[in-house]
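This report concerns only the one structure given below.
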Amino acid sequence: MHALTAHERHGRLVARSRNAHKIARARSSRSHSISIATSSEPRSPEVGHLGLPVAMAGVLPRSFGPLPPYDEFGIKETRPRLPGGRTAGYDLVERMEYLYVRVVKARELRWKAEFDPFAELKLGSYSCSTRHIEKTVGPEWNDVFAFSRERIQASFLEVHVRGRGFAADEYVGRARFDLGDVPVRVPPDSALAPQWHHVFDRNGERGGEVMLALWVGTQADECFPLAVHADAAFPVDADLAAHIRCKQYAVPRLWYVRVNVIEARNIEFADKARVGELFVRSRVSTQVLRTKTCVSRLPSYGWNEDHLFVAAEPFEDHLVISVEDRVKVDKEEVIGHVHIPFTDFERRWDARPIRPRWYNLVQPEGDKKIDKFSSKVCVRLCLEGGYRVLSEPIHYLSDVRPAARELWHGRPPIGLVELGIHNAFGLSALRARNGRGSCDAYCVAKYGSKWFRTQTVIDSLAPRFHQQCFWEVHDHCTVLTVAVFHNCQIGDSGGLVTGDPVKDVLLGKVRIRLSTLETGRIHTHAYPLISLHGGGIKKMGELHLAVRFSSTSTLGLLQTYGRPHLPPMHYHCPLSVVQQETLRREAVAVIAHRLGRADLPLRRECVEHLCEAHGHRWSMRRSKAHFFRIMAALAPLFAAVRWFYDICRWRNPVTTVAVHIIYAMLVCCPNLILPTFFLYKFCLGLWNYRRRPRHPWHVDTKVSHAETAHLDELDEEFDEFPTARPHEVVRMRYDRLRSLGARIQEMVGDVAAHVERARCVMTWRDPRATTMYMLLCLCCAVVTFVAPFQAVALLTGFYLMRHPSLRQRLPDVPSNFFRRLPCKVDCLL
């Protein structure tokens with residue numbers, strides 16, 4: 001053996017050190033993956049894979065095999081303990097027991113009338129009080145309080161009746177109740193009737209009576225939405241309780257308002273020689289549109305332009321039409337205006353013509369009056385009830401019914417979707433409270449015209465909601481959206497933050513397409529809450545949900561695949577892309593305004609996040625995601641081309657000979673081509689059944705290209721529109737480029753959606769659609785086998801080349817079926 005040189009010895013030492021470093025890093029990553037791997041059942045953080053402690057991970061025998069890859073942003077199946085028996089419909093969430101105390105009123109209180117009475121409840125270390133009723137001896141509170149039974153560590157409940165103005169250690173009377181005697185109520189049991197109870201002072205004398213009711217119930221109790229959770233981390237007053245309760249919102253029914261401005265006549269100016277440059281401005285609330293400028297020497301001016309607005313029932317606003325003159329470049333004068341209430345509008349839900357009407361203009365106050373002012377304007381006004389007012393992107397529609405209820409008759413619901421919001425784990429700390437991280441989380445579920453908001457769980461990084469809600473389903477090719485927010489309206493001291501413009505923070509969203517759910521099955525999964533911002537992607541926690549879709553009409557469920565996705569008016573009189581985007585922004589603003597006026601306001605930023613108000617912003621990341629979606633969907637086609645190329649090059653002689661034999665058989669018997677093709681599709685669908693998806697789609701960071709996005713691309717994506725740049729020319733060009741890119745991005749996304757739908761029909765993502773398609777393939781195989789090949793080809797060609805008079809304006813059944821197939825747009829972040 002030759003002696004090694006110094007250089008060779010040095011190289012071997014470096015190689016050994018590198019190998020040792022790789023082995024140590026592999027062991028570290030292996031132990032780390034063992035400690036964070038999760039199974040379908042929840043485990044404590046210190047328990048690793050296969051239920052063994054992390055400390056034993058290093059002594060596992062090799063016979064266990066390789067560990068599965070850990071996906072931080074992946075969806076995981078859970079197995080929660082769902083209740084059974086009589087739960088009044090609350091069978092998708094765990095049962096949570098509460099001690100309810102309903103303080104109704106008091107009478108015959110022994111004090112002076114100038115004091116303000118209130119009742120104070122004390123249960124161990126928890127205390128809460130009712131509202132103060134001014135200067136009365138018979139106050140009526142009717143307040144409900146709830147104490148979680150898990151946190152109760154006392155045996156008695158004390159109710160003190162006090163009055164504002166007394167000393168802190170004095171009270172009018174006290175009543176004491178033993179918690180062991182409290183009855184249990186399980187809905188649908190009737191409500192517990194409140195009773196009168198005597199209150200006694202320190203000397204044992206009667207100080208009056210208080211009416212209240214105590215019972216142990218669950219979150220299914222009808223008093224739960226009205227109850228004040230008195231066992232929060234800090235005392236909950238009346239103002240704070242109004243912002244943390246659960247609430248159900250009814251979204252107003254939206255209409256499109258069409259204003260067709262035709263002409264104006266008898267226009268006179270103070271200066272008789274002036275040539276008018278007139279335009280018409282239409283306004284509904286904050287929505288303002290104007291026509292083009294018309295120049296004429298005659299007293300009549302014509303436009304014939306359409307203005308579209310969004311209005312909500314009940315109609316509180318009215319239409320304001322003003323005819324204005326462009327005096328200078330930056331100066332406009334109002335010649336006349338008219339206010340038209342929505343009661344004067346015609347309602348239509350088809351393409352029938354609307355009769356024009358003349359309205360007399362009114363001169364504005366303060367202007368120079370014109371003698372014999374008789375100017376008038378001719379307009380066509382109608383409320384479009386045949387459209388579905390789009391407040392969300394068409395890919396995420398939760399309801400496809402038109403605005404007019406007259407078009408709803410004869411179509412009962414086809415199913416019911418139930419959602420159980422269990423709990424959240426590992427939420428990010430967004431607030432510092434008492435020297436530690438804290439979060440005040442609540443969930444909002446949106447589907448159709450009913451939105452549901454859970455109570456705000458204060459000061460918890462693992463909040464437990466366990467709320468259940470349901471919706472009637474009229475079209476199961478729709479999307480249910482659940483979002484988790486951090487309530488920024490709660491101050492560190494427990495009171496509301498007043499006068500500040502803080503916004504609630506979005507922790508993450510979950511979209512569930514109903515067509516991807518199996519009928520009757522309870523889908524229980526843990527969805528990661530993923531947030532994307534200028535600094536990158538971050539997991540904000542996990543949300544555990546249970547979803548069940550039940551079909552009430554199987555025939556109606558299957559018939560929806562043959563109906564148009566949108567109401568017929570969208571195809572008879574389609575709206576342009578620019579109009580749809582503008583009207584969608586206005587619809588979101590109207591919904592945010594109405595829900596912001598509710599008893600428990602739903603903030604504007606919550607409505608915008610749920611309606612995807614910022615989904616059309618330019619993003620280099622989303623553009624790349626759409627491009628690679630197309631490439632992934634076309635991968636089978638590319639693989640087939642490569643396979644045929646290998647056949648032509650005789651890479652595998654056995655396969656090539658077999659292909660030659662099959663090709664000779666098909667050429668000699670051409671009537672077997674179509675049956676063979678359809679039979680192959682049928683067998684392929686059966687083969688893919690064993691690999692069918694086991695859980696719904698969720699946000700995929702790889703499909704969204706969120707993990708590989710450059711920080712500069714994210715900065716551009718989250719930049720305000722229009723962008724703030726110092727140079728005006730650069731600013732104009734940059735905004736124009738972003739607008740053009742956004743249009744191209746949506747077009748590429750639509751192409752990707754079509755390609756993915758064509759592929760998803762055989763992957764059992766929508767089990768009902770795949771079953772129908774397979775049966776159709778089987779029928780086509782039988783028909784094409786029995787019928788002559790020439791007859792089938794002739795009829796198919798004549799059908800595709802048929803005369804336009806034989807075509808209907810609405811899409812045909814195959815097009816409607818194809819449009820309803822799912823695509824990976826649900827996975828985009």
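Each chain of the structure tokens is named A, B, ... in the order shown, its residues numbered from 1; ligands are numbered from 1 in display order.
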Residue neighbourhood A:Leu517, 8 Å, only C-alpha atoms, exclusion window fewer than 6 positions, as a ChimeraX atom specification | /A:523,548-549,696,766
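Every protein, DNA or RNA residue with an atom at most 12 Å from A:Glu205, where only C-alpha atoms count and chain neighbours fewer than 4 positions away do not, is listed here: Leu109, Arg110, Val172, Gly173, Arg174, Ala175, His198, Val199, Phe200, Asp201 and Glu209 of chain A.
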Name all residues at most 12 Å from stretch 660-674 of chain A (count only C-alpha atoms; drop same-chain ones fewer than 4 positions away) and give them as a PyMOL selection string.
-> chain A and resi 644+647-648+650+653-656+678-681+777-793
Using only C-alpha atoms, determine which residues lie at most 10 Å from A:Cys439, disregarding the query and same-chain residues fewer than 3 positions distant; provide the list as a PyMOL selection string.
-> chain A and resi 427-433+442+456-463+485-488
Would you put the residues from that selection into a file with N, CA and C atoms, as a PDB file, in the first residue's frame?
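As a result, part.pdb now contains:
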ATOM      1  N   LEU A 427     -52.816  28.810  18.170  1.00  0.00           N
ATOM      2  CA  LEU A 427     -52.980  30.111  17.529  1.00  0.00           C
ATOM      3  C   LEU A 427     -51.797  31.013  17.854  1.00  0.00           C
ATOM      4  N   SER A 428     -51.462  31.858  16.927  1.00  0.00           N
ATOM      5  CA  SER A 428     -50.357  32.791  17.136  1.00  0.00           C
ATOM      6  C   SER A 428     -50.777  33.870  18.129  1.00  0.00           C
ATOM      7  N   ALA A 429     -49.862  34.230  18.968  1.00  0.00           N
ATOM      8  CA  ALA A 429     -50.124  35.272  19.957  1.00  0.00           C
ATOM      9  C   ALA A 429     -50.058  36.639  19.281  1.00  0.00           C
ATOM     10  N   LEU A 430     -51.179  37.309  19.218  1.00  0.00           N
ATOM     11  CA  LEU A 430     -51.263  38.619  18.578  1.00  0.00           C
ATOM     12  C   LEU A 430     -51.429  39.745  19.580  1.00  0.00           C
ATOM     13  N   ARG A 431     -51.393  39.421  20.850  1.00  0.00           N
ATOM     14  CA  ARG A 431     -51.561  40.456  21.873  1.00  0.00           C
ATOM     15  C   ARG A 431     -50.812  40.017  23.119  1.00  0.00           C
ATOM     16  N   ALA A 432     -50.196  40.982  23.776  1.00  0.00           N
ATOM     17  CA  ALA A 432     -49.508  40.721  25.038  1.00  0.00           C
ATOM     18  C   ALA A 432     -50.433  41.102  26.185  1.00  0.00           C
ATOM     19  N   ARG A 433     -50.704  40.132  27.044  1.00  0.00           N
ATOM     20  CA  ARG A 433     -51.598  40.376  28.181  1.00  0.00           C
ATOM     21  C   ARG A 433     -51.004  39.688  29.399  1.00  0.00           C
ATOM     22  N   TYR A 442     -62.402  34.419  17.176  1.00  0.00           N
ATOM     23  CA  TYR A 442     -63.780  34.051  16.855  1.00  0.00           C
ATOM     24  C   TYR A 442     -63.821  33.605  15.398  1.00  0.00           C
ATOM     25  N   THR A 456     -66.617  35.155  20.936  1.00  0.00           N
ATOM     26  CA  THR A 456     -65.185  35.431  21.048  1.00  0.00           C
ATOM     27  C   THR A 456     -64.649  34.798  22.315  1.00  0.00           C
ATOM     28  N   VAL A 457     -63.713  33.894  22.164  1.00  0.00           N
ATOM     29  CA  VAL A 457     -63.064  33.264  23.316  1.00  0.00           C
ATOM     30  C   VAL A 457     -61.886  34.142  23.707  1.00  0.00           C
ATOM     31  N   ILE A 458     -61.994  34.753  24.862  1.00  0.00           N
ATOM     32  CA  ILE A 458     -61.022  35.749  25.299  1.00  0.00           C
ATOM     33  C   ILE A 458     -59.833  35.074  25.948  1.00  0.00           C
ATOM     34  N   ASP A 459     -58.642  35.574  25.579  1.00  0.00           N
ATOM     35  CA  ASP A 459     -57.392  35.207  26.230  1.00  0.00           C
ATOM     36  C   ASP A 459     -57.150  33.691  26.175  1.00  0.00           C
ATOM     37  N   SER A 460     -57.082  33.154  24.957  1.00  0.00           N
ATOM     38  CA  SER A 460     -56.831  31.727  24.812  1.00  0.00           C
ATOM     39  C   SER A 460     -56.170  31.477  23.468  1.00  0.00           C
ATOM     40  N   LEU A 461     -55.086  30.707  23.487  1.00  0.00           N
ATOM     41  CA  LEU A 461     -54.433  30.281  22.260  1.00  0.00           C
ATOM     42  C   LEU A 461     -54.969  28.943  21.755  1.00  0.00           C
ATOM     43  N   ALA A 462     -55.870  28.330  22.520  1.00  0.00           N
ATOM     44  CA  ALA A 462     -56.536  27.091  22.110  1.00  0.00           C
ATOM     45  C   ALA A 462     -58.023  27.215  22.437  1.00  0.00           C
ATOM     46  N   PRO A 463     -58.725  28.107  21.753  1.00  0.00           N
ATOM     47  CA  PRO A 463     -60.138  28.349  22.091  1.00  0.00           C
ATOM     48  C   PRO A 463     -61.025  27.168  21.720  1.00  0.00           C
ATOM     49  N   PHE A 485     -60.764  34.986  13.013  1.00  0.00           N
ATOM     50  CA  PHE A 485     -60.271  36.344  13.208  1.00  0.00           C
ATOM     51  C   PHE A 485     -59.839  36.539  14.656  1.00  0.00           C
ATOM     52  N   HIS A 486     -58.928  37.471  14.809  1.00  0.00           N
ATOM     53  CA  HIS A 486     -58.539  37.942  16.142  1.00  0.00           C
ATOM     54  C   HIS A 486     -59.267  39.248  16.416  1.00  0.00           C
ATOM     55  N   ASN A 487     -60.026  39.283  17.504  1.00  0.00           N
ATOM     56  CA  ASN A 487     -60.847  40.445  17.843  1.00  0.00           C
ATOM     57  C   ASN A 487     -59.953  41.529  18.445  1.00  0.00           C
ATOM     58  N   CYS A 488     -59.683  42.547  17.645  1.00  0.00           N
ATOM     59  CA  CYS A 488     -58.830  43.652  18.106  1.00  0.00           C
ATOM     60  C   CYS A 488     -59.621  44.746  18.796  1.00  0.00           C
TER      61      CYS A 488
END
Just how far from atom CA of A:Ala106 is atom CA of A:Arg245, in Å to one decimal?
-> 25.5 Å
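Across the structure, atom CA of A:Pro636 and atom CA of A:Ala753 are spaced 15.8 Å apart.
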Run DSSP on the backbone of this structure and report the residues of stretch 428-540 of chain A it assigns to strand (DSSP E or B), as a CSV table (one decimal) with N, CA, C and O atoms, in the first residue's frame.
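Result file states-v9.csv:
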chain,number,residue,atom,x,y,z
A,431,ARG,N,-51.4,39.4,20.9
A,431,ARG,CA,-51.6,40.5,21.9
A,431,ARG,C,-50.8,40.0,23.1
A,431,ARG,O,-50.8,38.8,23.5
A,432,ALA,N,-50.2,41.0,23.8
A,432,ALA,CA,-49.5,40.7,25.0
A,432,ALA,C,-50.4,41.1,26.2
A,432,ALA,O,-50.9,42.2,26.3
A,433,ARG,N,-50.7,40.1,27.0
A,433,ARG,CA,-51.6,40.4,28.2
A,433,ARG,C,-51.0,39.7,29.4
A,433,ARG,O,-50.7,38.5,29.4
A,436,ARG,N,-47.7,37.8,28.8
A,436,ARG,CA,-47.6,36.6,28.0
A,436,ARG,C,-48.4,36.8,26.8
A,436,ARG,O,-49.2,37.8,26.7
A,437,GLY,N,-48.2,36.0,25.8
A,437,GLY,CA,-49.0,36.1,24.5
A,437,GLY,C,-50.4,35.6,24.7
A,437,GLY,O,-50.7,34.7,25.5
A,438,SER,N,-51.3,36.3,24.0
A,438,SER,CA,-52.7,36.0,24.1
A,438,SER,C,-53.4,36.2,22.7
A,438,SER,O,-52.8,36.9,21.8
A,441,ALA,N,-60.0,35.0,19.8
A,441,ALA,CA,-60.4,34.5,18.5
A,441,ALA,C,-61.9,34.3,18.4
A,441,ALA,O,-62.6,34.0,19.4
A,442,TYR,N,-62.4,34.4,17.2
A,442,TYR,CA,-63.8,34.1,16.9
A,442,TYR,C,-63.8,33.6,15.4
A,442,TYR,O,-62.9,33.9,14.6
A,443,CYS,N,-64.8,32.8,15.0
A,443,CYS,CA,-65.0,32.3,13.7
A,443,CYS,C,-66.2,32.9,13.1
A,443,CYS,O,-67.2,33.2,13.7
A,444,VAL,N,-66.2,33.0,11.7
A,444,VAL,CA,-67.3,33.4,10.9
A,444,VAL,C,-67.5,32.4,9.8
A,444,VAL,O,-66.5,32.2,9.0
A,445,ALA,N,-68.7,31.9,9.7
A,445,ALA,CA,-69.0,30.9,8.6
A,445,ALA,C,-70.0,31.6,7.6
A,445,ALA,O,-71.0,32.2,8.1
A,446,LYS,N,-69.7,31.5,6.3
A,446,LYS,CA,-70.5,32.2,5.3
A,446,LYS,C,-70.9,31.2,4.3
A,446,LYS,O,-70.2,30.4,3.7
A,447,TYR,N,-72.3,31.2,4.1
A,447,TYR,CA,-72.9,30.4,3.0
A,447,TYR,C,-74.2,31.0,2.7
A,447,TYR,O,-75.1,31.1,3.6
A,450,LYS,N,-77.1,33.4,4.8
A,450,LYS,CA,-77.0,33.3,6.3
A,450,LYS,C,-75.5,33.2,6.7
A,450,LYS,O,-74.8,32.3,6.2
A,451,TRP,N,-75.1,34.1,7.5
A,451,TRP,CA,-73.7,34.1,8.0
A,451,TRP,C,-73.8,33.8,9.5
A,451,TRP,O,-74.7,34.3,10.2
A,452,PHE,N,-72.8,33.1,10.1
A,452,PHE,CA,-72.8,32.7,11.5
A,452,PHE,C,-71.5,33.1,12.1
A,452,PHE,O,-70.5,32.8,11.5
A,453,ARG,N,-71.6,33.7,13.3
A,453,ARG,CA,-70.4,34.1,14.0
A,453,ARG,C,-70.4,33.5,15.4
A,453,ARG,O,-71.5,33.6,16.1
A,457,VAL,N,-63.7,33.9,22.2
A,457,VAL,CA,-63.1,33.3,23.3
A,457,VAL,C,-61.9,34.1,23.7
A,457,VAL,O,-60.9,34.3,23.0
A,464,ARG,N,-62.1,27.0,22.5
A,464,ARG,CA,-63.0,25.9,22.2
A,464,ARG,C,-64.4,26.6,21.9
A,464,ARG,O,-64.9,27.3,22.7
A,465,PHE,N,-64.9,26.4,20.7
A,465,PHE,CA,-66.1,27.0,20.3
A,465,PHE,C,-67.3,26.0,20.4
A,465,PHE,O,-68.3,26.3,21.0
A,466,HIS,N,-67.1,24.9,19.7
A,466,HIS,CA,-68.2,23.8,19.7
A,466,HIS,C,-69.5,24.4,19.4
A,466,HIS,O,-70.5,24.2,20.2
A,467,GLN,N,-69.6,25.1,18.3
A,467,GLN,CA,-70.9,25.6,17.8
A,467,GLN,C,-71.2,24.9,16.5
A,467,GLN,O,-70.4,24.5,15.7
A,468,GLN,N,-72.5,24.8,16.3
A,468,GLN,CA,-73.0,24.1,15.1
A,468,GLN,C,-74.1,24.9,14.4
A,468,GLN,O,-74.9,25.6,15.0
A,469,CYS,N,-74.0,25.0,13.1
A,469,CYS,CA,-75.0,25.7,12.3
A,469,CYS,C,-75.3,24.9,11.0
A,469,CYS,O,-74.5,24.0,10.6
A,470,PHE,N,-76.3,25.2,10.3
A,470,PHE,CA,-76.7,24.5,9.1
A,470,PHE,C,-77.3,25.4,8.1
A,470,PHE,O,-77.8,26.6,8.5
A,471,TRP,N,-77.3,25.0,6.9
A,471,TRP,CA,-77.9,25.8,5.8
A,471,TRP,C,-78.6,24.9,4.8
A,471,TRP,O,-78.2,23.7,4.6
A,472,GLU,N,-79.7,25.4,4.2
A,472,GLU,CA,-80.3,24.7,3.1
A,472,GLU,C,-79.5,24.9,1.8
A,472,GLU,O,-79.0,26.0,1.6
A,473,VAL,N,-79.3,23.8,1.1
A,473,VAL,CA,-78.5,23.8,-0.1
A,473,VAL,C,-79.4,23.7,-1.4
A,473,VAL,O,-80.3,22.8,-1.5
A,479,VAL,N,-69.6,26.8,-2.4
A,479,VAL,CA,-68.4,26.8,-1.5
A,479,VAL,C,-68.9,27.4,-0.2
A,479,VAL,O,-69.5,28.4,-0.1
A,480,LEU,N,-68.6,26.6,0.9
A,480,LEU,CA,-68.7,27.1,2.3
A,480,LEU,C,-67.4,27.6,2.8
A,480,LEU,O,-66.4,27.0,2.7
A,481,THR,N,-67.4,28.8,3.3
A,481,THR,CA,-66.2,29.5,3.8
A,481,THR,C,-66.3,29.7,5.3
A,481,THR,O,-67.3,30.2,5.8
A,482,VAL,N,-65.2,29.4,6.0
A,482,VAL,CA,-65.0,29.6,7.4
A,482,VAL,C,-63.7,30.4,7.6
A,482,VAL,O,-62.7,29.9,7.1
A,483,ALA,N,-63.8,31.5,8.4
A,483,ALA,CA,-62.6,32.3,8.6
A,483,ALA,C,-62.5,32.5,10.1
A,483,ALA,O,-63.5,32.5,10.9
A,484,VAL,N,-61.2,32.6,10.6
A,484,VAL,CA,-60.9,32.8,12.0
A,484,VAL,C,-60.2,34.2,12.1
A,484,VAL,O,-59.3,34.5,11.3
A,485,PHE,N,-60.8,35.0,13.0
A,485,PHE,CA,-60.3,36.3,13.2
A,485,PHE,C,-59.8,36.5,14.7
A,485,PHE,O,-60.3,35.9,15.6
A,486,HIS,N,-58.9,37.5,14.8
A,486,HIS,CA,-58.5,37.9,16.1
A,486,HIS,C,-59.3,39.2,16.4
A,486,HIS,O,-59.2,40.2,15.6
A,490,ILE,N,-61.1,44.5,21.7
A,490,ILE,CA,-61.1,44.2,23.1
A,490,ILE,C,-59.7,44.7,23.6
A,490,ILE,O,-58.7,44.4,23.2
A,496,LEU,N,-63.7,48.0,25.8
A,496,LEU,CA,-63.6,48.2,24.4
A,496,LEU,C,-62.7,49.3,24.1
A,496,LEU,O,-62.6,50.3,24.8
A,505,VAL,N,-57.8,41.0,12.8
A,505,VAL,CA,-56.8,40.4,12.0
A,505,VAL,C,-57.3,39.0,11.6
A,505,VAL,O,-57.8,38.2,12.4
A,506,LEU,N,-57.1,38.7,10.3
A,506,LEU,CA,-57.4,37.4,9.8
A,506,LEU,C,-56.3,36.4,10.1
A,506,LEU,O,-55.2,36.6,9.8
A,507,LEU,N,-56.7,35.3,10.7
A,507,LEU,CA,-55.8,34.2,11.1
A,507,LEU,C,-55.7,33.2,10.0
A,507,LEU,O,-54.7,32.5,9.8
A,508,GLY,N,-56.8,33.0,9.3
A,508,GLY,CA,-56.8,32.0,8.2
A,508,GLY,C,-58.2,31.7,7.7
A,508,GLY,O,-59.2,32.0,8.4
A,509,LYS,N,-58.3,31.1,6.5
A,509,LYS,CA,-59.6,30.8,6.0
A,509,LYS,C,-59.7,29.3,5.5
A,509,LYS,O,-58.6,28.7,5.2
A,510,VAL,N,-60.9,28.7,5.5
A,510,VAL,CA,-61.1,27.4,5.1
A,510,VAL,C,-62.2,27.4,4.1
A,510,VAL,O,-63.3,27.9,4.4
A,511,ARG,N,-62.0,26.9,2.9
A,511,ARG,CA,-63.1,26.8,1.9
A,511,ARG,C,-63.4,25.3,1.7
A,511,ARG,O,-62.5,24.5,1.4
A,512,ILE,N,-64.7,25.0,1.7
A,512,ILE,CA,-65.1,23.6,1.5
A,512,ILE,C,-66.1,23.6,0.4
A,512,ILE,O,-67.2,24.2,0.5
A,513,ARG,N,-65.8,22.9,-0.7
A,513,ARG,CA,-66.7,22.8,-1.8
A,513,ARG,C,-67.7,21.6,-1.6
A,513,ARG,O,-67.2,20.5,-1.4
A,519,THR,N,-72.1,12.1,0.4
A,519,THR,CA,-73.4,12.3,1.0
A,519,THR,C,-73.5,11.5,2.3
A,519,THR,O,-73.3,10.3,2.3
A,522,ILE,N,-69.7,12.3,7.8
A,522,ILE,CA,-69.2,13.3,8.6
A,522,ILE,C,-67.8,13.5,8.4
A,522,ILE,O,-67.0,12.6,8.7
A,523,HIS,N,-67.3,14.6,7.8
A,523,HIS,CA,-65.9,14.8,7.5
A,523,HIS,C,-65.4,15.6,8.7
A,523,HIS,O,-65.8,16.8,8.9
A,524,THR,N,-64.5,15.0,9.4
A,524,THR,CA,-63.8,15.7,10.6
A,524,THR,C,-62.3,15.8,10.2
A,524,THR,O,-61.6,14.8,10.1
A,525,HIS,N,-61.9,17.1,10.1
A,525,HIS,CA,-60.5,17.3,9.8
A,525,HIS,C,-60.0,18.5,10.5
A,525,HIS,O,-60.8,19.4,11.0
A,526,ALA,N,-58.7,18.6,10.6
A,526,ALA,CA,-58.0,19.8,11.2
A,526,ALA,C,-57.3,20.5,10.1
A,526,ALA,O,-56.5,20.0,9.3
A,527,TYR,N,-57.8,21.8,9.9
A,527,TYR,CA,-57.3,22.6,8.8
A,527,TYR,C,-56.3,23.6,9.3
A,527,TYR,O,-56.6,24.3,10.2
A,528,PRO,N,-55.2,23.7,8.6
A,528,PRO,CA,-54.2,24.7,9.0
A,528,PRO,C,-54.6,26.1,8.6
A,528,PRO,O,-55.2,26.3,7.6
A,529,LEU,N,-54.4,27.0,9.5
A,529,LEU,CA,-54.7,28.4,9.3
A,529,LEU,C,-53.5,29.1,8.7
A,529,LEU,O,-52.5,29.2,9.4
A,530,ILE,N,-53.5,29.4,7.4
A,530,ILE,CA,-52.3,29.9,6.7
A,530,ILE,C,-52.5,31.3,6.4
A,530,ILE,O,-53.6,31.7,5.9
A,531,SER,N,-51.5,32.1,6.7
A,531,SER,CA,-51.6,33.6,6.5
A,531,SER,C,-50.4,33.9,5.6
A,531,SER,O,-49.3,33.4,5.8
A,532,LEU,N,-50.7,34.7,4.6
A,532,LEU,CA,-49.6,35.2,3.6
A,532,LEU,C,-49.6,36.7,3.7
A,532,LEU,O,-50.6,37.4,3.6
A,533,HIS,N,-48.4,37.2,3.9
A,533,HIS,CA,-48.2,38.6,4.0
A,533,HIS,C,-46.8,39.0,3.3
A,533,HIS,O,-46.2,38.1,2.7
A,536,GLY,N,-43.8,36.8,4.0
A,536,GLY,CA,-43.8,35.4,3.7
A,536,GLY,C,-45.0,34.7,4.2
A,536,GLY,O,-46.0,35.3,4.5
A,537,ILE,N,-44.9,33.4,4.2
A,537,ILE,CA,-46.1,32.5,4.6
A,537,ILE,C,-45.9,32.1,6.1
A,537,ILE,O,-44.7,31.8,6.5
A,538,LYS,N,-47.0,32.0,6.8
A,538,LYS,CA,-46.9,31.6,8.2
A,538,LYS,C,-48.1,30.8,8.6
A,538,LYS,O,-49.2,31.1,8.2
A,539,LYS,N,-47.9,29.8,9.4
A,539,LYS,CA,-49.0,29.0,9.9
A,539,LYS,C,-49.5,29.6,11.2
A,539,LYS,O,-48.7,29.7,12.2
A,540,MET,N,-50.8,30.1,11.3
A,540,MET,CA,-51.3,30.8,12.5
A,540,MET,C,-52.0,29.8,13.4
A,540,MET,O,-52.5,30.3,14.4
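Nearest to A:Ile267 of all the residues A:Arg253, A:Arg347, A:Arg102, A:Lys376 is A:Lys376, counting only C-alpha atoms.
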Selection near stretch 616-619 of chain A, 6 Å with only C-alpha atoms, sequence-local residues under 6 positions removed, as a ChimeraX atom specification | /A:717,738,742
Let me see the file: selected residues, all heavy atoms, as an mmCIF file, in the first residue's frame.
data_model
loop_
_atom_site.group_PDB
_atom_site.id
_atom_site.type_symbol
_atom_site.label_atom_id
_atom_site.label_comp_id
_atom_site.auth_asym_id
_atom_site.auth_seq_id
_atom_site.Cartn_x
_atom_site.Cartn_y
_atom_site.Cartn_z
ATOM 1 N N GLU A 717 -47.174 42.121 -4.455
ATOM 2 C CA GLU A 717 -48.539 41.605 -4.332
ATOM 3 C C GLU A 717 -49.330 42.356 -3.269
ATOM 4 O O GLU A 717 -50.513 42.646 -3.464
ATOM 5 C CB GLU A 717 -48.496 40.116 -3.996
ATOM 6 C CG GLU A 717 -49.867 39.496 -3.797
ATOM 7 C CD GLU A 717 -49.780 38.004 -3.531
ATOM 8 O OE1 GLU A 717 -48.672 37.436 -3.672
ATOM 9 O OE2 GLU A 717 -50.814 37.409 -3.181
ATOM 10 N N ARG A 738 -49.838 46.362 -14.179
ATOM 11 C CA ARG A 738 -50.472 45.489 -13.191
ATOM 12 C C ARG A 738 -51.904 45.152 -13.579
ATOM 13 O O ARG A 738 -52.357 44.010 -13.391
ATOM 14 C CB ARG A 738 -50.447 46.159 -11.824
ATOM 15 C CG ARG A 738 -49.053 46.339 -11.250
ATOM 16 C CD ARG A 738 -49.095 47.080 -9.936
ATOM 17 N NE ARG A 738 -49.643 46.245 -8.885
ATOM 18 C CZ ARG A 738 -49.918 46.695 -7.657
ATOM 19 N NH1 ARG A 738 -49.705 47.966 -7.365
ATOM 20 N NH2 ARG A 738 -50.401 45.907 -6.755
ATOM 21 N N ALA A 742 -53.216 41.441 -14.358
ATOM 22 C CA ALA A 742 -54.323 40.826 -13.620
ATOM 23 C C ALA A 742 -55.331 40.194 -14.566
ATOM 24 O O ALA A 742 -55.867 39.113 -14.287
ATOM 25 C CB ALA A 742 -55.002 41.876 -12.741
#
Using only C-alpha atoms: which of A:Ser805, A:Thr516, A:Ser398, A:Thr554 has the shortest distance to A:Gly415 =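 With only C-alpha atoms as the atom set, the closest residue is A:Thr554.
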Using DSSP on the backbone coordinates, identify all residues within stretch 703-793 of chain A classified as helix (DSSP H, G or I); present the result as a ChimeraX atom specification.
-> /A:711-717,728-760,767-786,789-793
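In this comparison, which uses only C-alpha atoms, the residue of A:Leu566, A:Ala752, A:Val577, A:Val259 approaching A:Asp399 most closely is A:Leu566.
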Of A:Met774, A:Val159, A:Leu829, A:Ala625, the one nearest to A:Tyr689 when counting only C-alpha atoms is A:Met774
From the list A:Phe817, A:Arg690, A:Arg807, A:Gly534, which residue is nearest A:Asp715 when using only C-alpha atoms?
->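 Nearest candidate to A:Asp715 out of A:Phe817, A:Arg690, A:Arg807, A:Gly534: A:Gly534.
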